[in-house]
Amino acid sequence: MDSVSNIENFVLPPNVPFQRVLTRDFEFASSFENKVDSDLQELGKSILDITSEYVNYILQNDHLKLDEEFIQRNLDSFEQVLRNRFALMEFKDSLQHSKDSIRNNNMNVSELTIEALQEYQSSTEDLKNFDDVVISHYEERKLSQTSSEFKKFLKSDKNYAYIRSISFIIKNPEDPIPELEEDDDDVNISGGKISLKDPLSLNYFVDPVKSSVCNHTYERAFILTHLSSGHSECPINGCRNAVTRKNLIKDDMMCLRIQVFSKRKTKPEYETAERIE
Ligand SMILES: [Zn+2]
């Protein structure tokens with residue numbers, strides 16, 4: 001009863017922080033978006049971990065063979081994760097855009113008074129459907145979004161490049177990894193082959209290391225001998241970069257190439273030998 005008698009004393013604030021519902025929606029959408037993104041990142045990380053653990057395990061066990069399909073599936077899943085993260089970024093952008101446009105609209109709304117209530121209600125009519133504002137902008141963006149934008153995003157992801165390299169090397173141990181074309185789905189294999197032999201000893205690599213400065217690869221024992229005999233330059237013809245022990249890192253991709261290559265090479269011989277016995 002008190003509230004009814006007090007109604008005469010009720011004064012409208014000069015300006016209410018109106019559209020509280022919208023504020024709540026924004027907050028919900030932002031926290032939801034952050035949660036989804038962190039879940040996706042988590043998922044991507046586990047695909048990456050599984051892949052690298054699997055490859056390391058196979059590399060340490062000479063009698064095992066890398067499963068092409070397994071790696072391909074991991075690559076596809078990882079790409080899907082990135083695709084979803086990309087869509088989420090688009091959504092985030094739409095969210096911000098909607099927030100800005102609603103805020104701009106609010107600036108044009110006159111002060112909330114009893115007299116202006118009618119106008120107020122009608123002017124905010126189209127702002128009520130927050131979801132619609134976001135979704136329509138998102139759909140617009142999606143339509144204008146070309147696949148090359150996603151390719152650019154894909155290309156910038158180092159972990160994707162890592163899994164993609166593994167997937168490629170398993171099938172083509174002697175070929176250089178092709179660039180990911182932004183506007184082309186075809187895989188262009190360039191003419192040249194990757195040498196699987198140490199430039200110093202001319203033997204196949206066993207324990208390859210590469211210079212983090214020029215990316216040239218050498219057999220560990222031979223480059224160390226080269227360095228300890230007073231040389232400080234990369235031994236590759238035409239490459240004049242300095243090499244130090246500290247610059248040398250294990251060349252995992254070359255290890256993989258060697259293993260895939262040698263298994264391919266020795267398998268038929270092994271089978272033949274068995275048959276002869
Ligand atoms: Zn070099």
# chains A, B, ... in the order shown; residues from 1 in each chain; ligands from 1

call {"tool": "residues_near_ligand", "arguments": {"ligand": "ligand 1", "cutoff": "9 Å", "atoms": "only C-alpha atoms and all ligand atoms", "output": "MDAnalysis selection string"}}
result
chainID A and resid 210:211 213:217 233:243

call {"tool": "closest_atom_pairs", "arguments": {"of": "range 130-212 of chain A", "to": "range 62-83 of chain A", "cutoff": "12 Å", "atoms": "only C-alpha atoms", "output": "JSON lines"}}
result
{"residue": "A:Ser147", "atom": "CA", "partner": "A:Arg83", "partner_atom": "CA", "distance": 10.5}
{"residue": "A:Glu149", "atom": "CA", "partner": "A:Arg83", "partner_atom": "CA", "distance": 11.0}
{"residue": "A:Phe150", "atom": "CA", "partner": "A:Arg83", "partner_atom": "CA", "distance": 7.4}
{"residue": "A:Lys151", "atom": "CA", "partner": "A:Arg83", "partner_atom": "CA", "distance": 9.6}
{"residue": "A:Lys152", "atom": "CA", "partner": "A:Leu82", "partner_atom": "CA", "distance": 11.4}
{"residue": "A:Phe153", "atom": "CA", "partner": "A:Leu82", "partner_atom": "CA", "distance": 8.2}
{"residue": "A:Leu154", "atom": "CA", "partner": "A:Leu82", "partner_atom": "CA", "distance": 7.0}
{"residue": "A:Lys155", "atom": "CA", "partner": "A:Leu82", "partner_atom": "CA", "distance": 10.6}
{"residue": "A:Ser156", "atom": "CA", "partner": "A:Leu82", "partner_atom": "CA", "distance": 10.8}
{"residue": "A:Asp157", "atom": "CA", "partner": "A:Leu82", "partner_atom": "CA", "distance": 8.7}
{"residue": "A:Lys158", "atom": "CA", "partner": "A:Phe78", "partner_atom": "CA", "distance": 11.7}
{"residue": "A:Asn159", "atom": "CA", "partner": "A:Phe78", "partner_atom": "CA", "distance": 8.9}
{"residue": "A:Tyr160", "atom": "CA", "partner": "A:Phe78", "partner_atom": "CA", "distance": 6.9}
{"residue": "A:Ala161", "atom": "CA", "partner": "A:Leu75", "partner_atom": "CA", "distance": 9.5}
{"residue": "A:Tyr162", "atom": "CA", "partner": "A:Leu75", "partner_atom": "CA", "distance": 9.5}
{"residue": "A:Ile163", "atom": "CA", "partner": "A:Leu75", "partner_atom": "CA", "distance": 6.0}
{"residue": "A:Arg164", "atom": "CA", "partner": "A:Leu75", "partner_atom": "CA", "distance": 6.4}
{"residue": "A:Ser165", "atom": "CA", "partner": "A:Leu75", "partner_atom": "CA", "distance": 9.8}
{"residue": "A:Ile166", "atom": "CA", "partner": "A:Ile71", "partner_atom": "CA", "distance": 7.6}
{"residue": "A:Ser167", "atom": "CA", "partner": "A:Ile71", "partner_atom": "CA", "distance": 5.8}
{"residue": "A:Phe168", "atom": "CA", "partner": "A:Gln72", "partner_atom": "CA", "distance": 9.1}
{"residue": "A:Ile169", "atom": "CA", "partner": "A:Glu68", "partner_atom": "CA", "distance": 9.9}
{"residue": "A:Ile170", "atom": "CA", "partner": "A:Glu68", "partner_atom": "CA", "distance": 6.6}
{"residue": "A:Lys171", "atom": "CA", "partner": "A:Glu68", "partner_atom": "CA", "distance": 7.5}
{"residue": "A:Asn172", "atom": "CA", "partner": "A:Glu68", "partner_atom": "CA", "distance": 11.2}

call {"tool": "write_last_selection", "arguments": {"atoms": "C-alpha atoms", "output": "mmCIF file, in the first residue's frame"}}
result
data_model
loop_
_atom_site.group_PDB
_atom_site.id
_atom_site.type_symbol
_atom_site.label_atom_id
_atom_site.label_comp_id
_atom_site.auth_asym_id
_atom_site.auth_seq_id
_atom_site.Cartn_x
_atom_site.Cartn_y
_atom_site.Cartn_z
ATOM 1 C CA SER A 147 38.021 -17.627 -48.238
ATOM 2 C CA GLU A 149 40.815 -13.995 -45.450
ATOM 3 C CA PHE A 150 40.572 -17.328 -43.721
ATOM 4 C CA LYS A 151 43.578 -18.637 -45.652
ATOM 5 C CA LYS A 152 45.567 -15.671 -44.386
ATOM 6 C CA PHE A 153 44.544 -16.541 -40.856
ATOM 7 C CA LEU A 154 45.423 -20.192 -41.458
ATOM 8 C CA LYS A 155 48.774 -19.230 -42.919
ATOM 9 C CA SER A 156 49.702 -17.173 -39.880
ATOM 10 C CA ASP A 157 49.221 -20.102 -37.505
ATOM 11 C CA LYS A 158 52.579 -21.746 -36.719
ATOM 12 C CA ASN A 159 51.029 -24.856 -35.199
ATOM 13 C CA TYR A 160 48.921 -25.462 -38.264
ATOM 14 C CA ALA A 161 52.075 -25.096 -40.392
ATOM 15 C CA TYR A 162 53.798 -27.671 -38.174
ATOM 16 C CA ILE A 163 51.083 -30.338 -38.536
ATOM 17 C CA ARG A 164 50.756 -29.533 -42.229
ATOM 18 C CA SER A 165 54.517 -30.032 -42.714
ATOM 19 C CA ILE A 166 54.354 -33.436 -41.045
ATOM 20 C CA SER A 167 51.387 -34.435 -43.147
ATOM 21 C CA PHE A 168 53.187 -33.352 -46.315
ATOM 22 C CA ILE A 169 56.561 -34.940 -45.492
ATOM 23 C CA ILE A 170 54.987 -38.309 -44.734
ATOM 24 C CA LYS A 171 53.732 -38.378 -48.308
ATOM 25 C CA ASN A 172 56.613 -36.522 -49.981
#

call {"tool": "residues_around", "arguments": {"residues": "Ser30 in chain A", "least_positions_apart": "6", "cutoff": "10 Å", "atoms": "only C-alpha atoms", "output": "list in words"}}
result
Arg24, Val36, Lys92, Leu95 and Gln96 of chain A

call {"tool": "residues_around", "arguments": {"residues": "range 193-200 of chain A", "least_positions_apart": "3", "cutoff": "9 Å", "atoms": "only C-alpha atoms", "output": "number ranges by chain"}}
result
A: 173-176, 190, 203-206, 208, 217-219, 222-223, 226, 235-236, 254, 257-258, 261

call {"tool": "residues_around", "arguments": {"residues": "Leu88 in chain A", "least_positions_apart": "2", "cutoff": "12 Å", "atoms": "only C-alpha atoms", "output": "PyMOL selection string"}}
result
chain A and resi 29-30+32-41+81-86+90-95+138+141-142

call {"tool": "decode", "arguments": {"residues": "range 159-276 of chain A", "atoms": "C-alpha atoms", "output": "PDB file, in the first residue's frame"}}
result
ATOM      1  CA  ASN A 159      51.029 -24.856 -35.199  1.00  0.00           C
ATOM      2  CA  TYR A 160      48.921 -25.462 -38.264  1.00  0.00           C
ATOM      3  CA  ALA A 161      52.075 -25.096 -40.392  1.00  0.00           C
ATOM      4  CA  TYR A 162      53.798 -27.671 -38.174  1.00  0.00           C
ATOM      5  CA  ILE A 163      51.083 -30.338 -38.536  1.00  0.00           C
ATOM      6  CA  ARG A 164      50.756 -29.533 -42.229  1.00  0.00           C
ATOM      7  CA  SER A 165      54.517 -30.032 -42.714  1.00  0.00           C
ATOM      8  CA  ILE A 166      54.354 -33.436 -41.045  1.00  0.00           C
ATOM      9  CA  SER A 167      51.387 -34.435 -43.147  1.00  0.00           C
ATOM     10  CA  PHE A 168      53.187 -33.352 -46.315  1.00  0.00           C
ATOM     11  CA  ILE A 169      56.561 -34.940 -45.492  1.00  0.00           C
ATOM     12  CA  ILE A 170      54.987 -38.309 -44.734  1.00  0.00           C
ATOM     13  CA  LYS A 171      53.732 -38.378 -48.308  1.00  0.00           C
ATOM     14  CA  ASN A 172      56.613 -36.522 -49.981  1.00  0.00           C
ATOM     15  CA  PRO A 173      59.818 -36.977 -47.947  1.00  0.00           C
ATOM     16  CA  GLU A 174      62.058 -35.448 -50.612  1.00  0.00           C
ATOM     17  CA  ASP A 175      59.958 -32.445 -51.617  1.00  0.00           C
ATOM     18  CA  PRO A 176      60.076 -28.927 -50.217  1.00  0.00           C
ATOM     19  CA  ILE A 177      56.935 -27.984 -48.325  1.00  0.00           C
ATOM     20  CA  PRO A 178      54.754 -25.902 -50.646  1.00  0.00           C
ATOM     21  CA  GLU A 179      53.539 -22.483 -49.597  1.00  0.00           C
ATOM     22  CA  LEU A 180      49.924 -22.310 -48.537  1.00  0.00           C
ATOM     23  CA  GLU A 181      48.362 -20.312 -51.346  1.00  0.00           C
ATOM     24  CA  GLU A 182      45.869 -17.688 -50.211  1.00  0.00           C
ATOM     25  CA  ASP A 183      43.632 -17.920 -53.225  1.00  0.00           C
ATOM     26  CA  ASP A 184      44.280 -21.404 -54.452  1.00  0.00           C
ATOM     27  CA  ASP A 185      43.396 -24.815 -53.100  1.00  0.00           C
ATOM     28  CA  ASP A 186      45.884 -26.657 -55.261  1.00  0.00           C
ATOM     29  CA  VAL A 187      49.105 -27.829 -53.780  1.00  0.00           C
ATOM     30  CA  ASN A 188      51.933 -26.668 -55.971  1.00  0.00           C
ATOM     31  CA  ILE A 189      54.972 -28.826 -55.616  1.00  0.00           C
ATOM     32  CA  SER A 190      57.972 -26.902 -56.845  1.00  0.00           C
ATOM     33  CA  GLY A 191      60.520 -28.709 -58.971  1.00  0.00           C
ATOM     34  CA  GLY A 192      63.529 -28.974 -56.667  1.00  0.00           C
ATOM     35  CA  LYS A 193      64.148 -31.802 -54.221  1.00  0.00           C
ATOM     36  CA  ILE A 194      65.338 -31.508 -50.655  1.00  0.00           C
ATOM     37  CA  SER A 195      68.712 -33.142 -50.182  1.00  0.00           C
ATOM     38  CA  LEU A 196      68.619 -35.783 -47.498  1.00  0.00           C
ATOM     39  CA  LYS A 197      72.390 -35.903 -47.444  1.00  0.00           C
ATOM     40  CA  ASP A 198      74.820 -34.009 -45.274  1.00  0.00           C
ATOM     41  CA  PRO A 199      76.638 -31.374 -47.381  1.00  0.00           C
ATOM     42  CA  LEU A 200      79.911 -32.106 -45.578  1.00  0.00           C
ATOM     43  CA  SER A 201      80.107 -35.893 -45.555  1.00  0.00           C
ATOM     44  CA  LEU A 202      77.663 -36.515 -48.430  1.00  0.00           C
ATOM     45  CA  ASN A 203      76.132 -39.331 -46.398  1.00  0.00           C
ATOM     46  CA  TYR A 204      72.443 -39.593 -45.555  1.00  0.00           C
ATOM     47  CA  PHE A 205      71.592 -37.690 -42.397  1.00  0.00           C
ATOM     48  CA  VAL A 206      71.508 -39.634 -39.167  1.00  0.00           C
ATOM     49  CA  ASP A 207      71.505 -36.838 -36.592  1.00  0.00           C
ATOM     50  CA  PRO A 208      70.675 -33.667 -38.535  1.00  0.00           C
ATOM     51  CA  VAL A 209      70.984 -30.223 -36.955  1.00  0.00           C
ATOM     52  CA  LYS A 210      70.204 -26.903 -38.552  1.00  0.00           C
ATOM     53  CA  SER A 211      71.533 -23.427 -38.132  1.00  0.00           C
ATOM     54  CA  SER A 212      68.883 -21.161 -36.665  1.00  0.00           C
ATOM     55  CA  VAL A 213      70.518 -18.295 -38.593  1.00  0.00           C
ATOM     56  CA  CYS A 214      70.390 -19.565 -42.195  1.00  0.00           C
ATOM     57  CA  ASN A 215      68.313 -22.761 -41.783  1.00  0.00           C
ATOM     58  CA  HIS A 216      70.920 -24.927 -43.492  1.00  0.00           C
ATOM     59  CA  THR A 217      71.098 -28.496 -42.242  1.00  0.00           C
ATOM     60  CA  TYR A 218      74.193 -30.563 -41.486  1.00  0.00           C
ATOM     61  CA  GLU A 219      75.091 -33.809 -39.804  1.00  0.00           C
ATOM     62  CA  ARG A 220      75.860 -32.968 -36.185  1.00  0.00           C
ATOM     63  CA  ALA A 221      79.272 -34.656 -35.926  1.00  0.00           C
ATOM     64  CA  PHE A 222      80.504 -33.108 -39.168  1.00  0.00           C
ATOM     65  CA  ILE A 223      79.453 -29.533 -38.510  1.00  0.00           C
ATOM     66  CA  LEU A 224      80.982 -29.745 -35.033  1.00  0.00           C
ATOM     67  CA  THR A 225      84.279 -30.911 -36.541  1.00  0.00           C
ATOM     68  CA  HIS A 226      84.015 -28.124 -39.117  1.00  0.00           C
ATOM     69  CA  LEU A 227      83.529 -25.542 -36.361  1.00  0.00           C
ATOM     70  CA  SER A 228      86.226 -26.886 -34.080  1.00  0.00           C
ATOM     71  CA  SER A 229      88.760 -26.796 -36.898  1.00  0.00           C
ATOM     72  CA  GLY A 230      88.614 -23.014 -36.950  1.00  0.00           C
ATOM     73  CA  HIS A 231      85.752 -22.339 -39.384  1.00  0.00           C
ATOM     74  CA  SER A 232      82.983 -19.991 -38.374  1.00  0.00           C
ATOM     75  CA  GLU A 233      81.032 -19.715 -41.621  1.00  0.00           C
ATOM     76  CA  CYS A 234      78.221 -21.906 -42.896  1.00  0.00           C
ATOM     77  CA  PRO A 235      79.847 -24.524 -45.170  1.00  0.00           C
ATOM     78  CA  ILE A 236      77.063 -24.292 -47.774  1.00  0.00           C
ATOM     79  CA  ASN A 237      78.309 -22.775 -51.036  1.00  0.00           C
ATOM     80  CA  GLY A 238      77.296 -19.151 -51.309  1.00  0.00           C
ATOM     81  CA  CYS A 239      76.005 -18.908 -47.739  1.00  0.00           C
ATOM     82  CA  ARG A 240      78.289 -16.682 -45.743  1.00  0.00           C
ATOM     83  CA  ASN A 241      76.347 -16.683 -42.509  1.00  0.00           C
ATOM     84  CA  ALA A 242      78.216 -17.263 -39.293  1.00  0.00           C
ATOM     85  CA  VAL A 243      77.547 -20.565 -37.538  1.00  0.00           C
ATOM     86  CA  THR A 244      78.223 -21.263 -33.890  1.00  0.00           C
ATOM     87  CA  ARG A 245      77.435 -24.268 -31.713  1.00  0.00           C
ATOM     88  CA  LYS A 246      74.768 -22.212 -29.996  1.00  0.00           C
ATOM     89  CA  ASN A 247      72.913 -21.663 -33.299  1.00  0.00           C
ATOM     90  CA  LEU A 248      72.574 -25.382 -33.958  1.00  0.00           C
ATOM     91  CA  ILE A 249      69.206 -26.958 -33.247  1.00  0.00           C
ATOM     92  CA  LYS A 250      67.923 -30.455 -33.912  1.00  0.00           C
ATOM     93  CA  ASP A 251      66.228 -30.585 -37.308  1.00  0.00           C
ATOM     94  CA  ASP A 252      63.059 -32.533 -36.493  1.00  0.00           C
ATOM     95  CA  MET A 253      61.574 -32.212 -39.963  1.00  0.00           C
ATOM     96  CA  MET A 254      64.744 -33.621 -41.535  1.00  0.00           C
ATOM     97  CA  CYS A 255      64.640 -36.522 -39.052  1.00  0.00           C
ATOM     98  CA  LEU A 256      61.115 -37.195 -40.224  1.00  0.00           C
ATOM     99  CA  ARG A 257      62.088 -36.998 -43.899  1.00  0.00           C
ATOM    100  CA  ILE A 258      64.937 -39.443 -43.336  1.00  0.00           C
ATOM    101  CA  GLN A 259      62.764 -41.880 -41.512  1.00  0.00           C
ATOM    102  CA  VAL A 260      59.940 -41.838 -44.036  1.00  0.00           C
ATOM    103  CA  PHE A 261      62.417 -42.022 -46.897  1.00  0.00           C
ATOM    104  CA  SER A 262      64.457 -44.886 -45.474  1.00  0.00           C
ATOM    105  CA  LYS A 263      61.383 -46.926 -44.616  1.00  0.00           C
ATOM    106  CA  ARG A 264      60.126 -46.536 -48.149  1.00  0.00           C
ATOM    107  CA  LYS A 265      63.490 -47.500 -49.552  1.00  0.00           C
ATOM    108  CA  THR A 266      64.287 -50.447 -47.332  1.00  0.00           C
ATOM    109  CA  LYS A 267      60.834 -51.977 -47.219  1.00  0.00           C
ATOM    110  CA  PRO A 268      60.798 -53.590 -50.679  1.00  0.00           C
ATOM    111  CA  GLU A 269      64.369 -54.841 -50.198  1.00  0.00           C
ATOM    112  CA  TYR A 270      63.452 -56.232 -46.817  1.00  0.00           C
ATOM    113  CA  GLU A 271      60.444 -58.000 -48.280  1.00  0.00           C
ATOM    114  CA  THR A 272      62.550 -59.367 -51.113  1.00  0.00           C
ATOM    115  CA  ALA A 273      65.189 -60.582 -48.701  1.00  0.00           C
ATOM    116  CA  GLU A 274      62.561 -62.321 -46.636  1.00  0.00           C
ATOM    117  CA  ARG A 275      61.114 -63.972 -49.662  1.00  0.00           C
ATOM    118  CA  ILE A 276      64.521 -65.293 -50.702  1.00  0.00           C
TER     119      ILE A 276
END
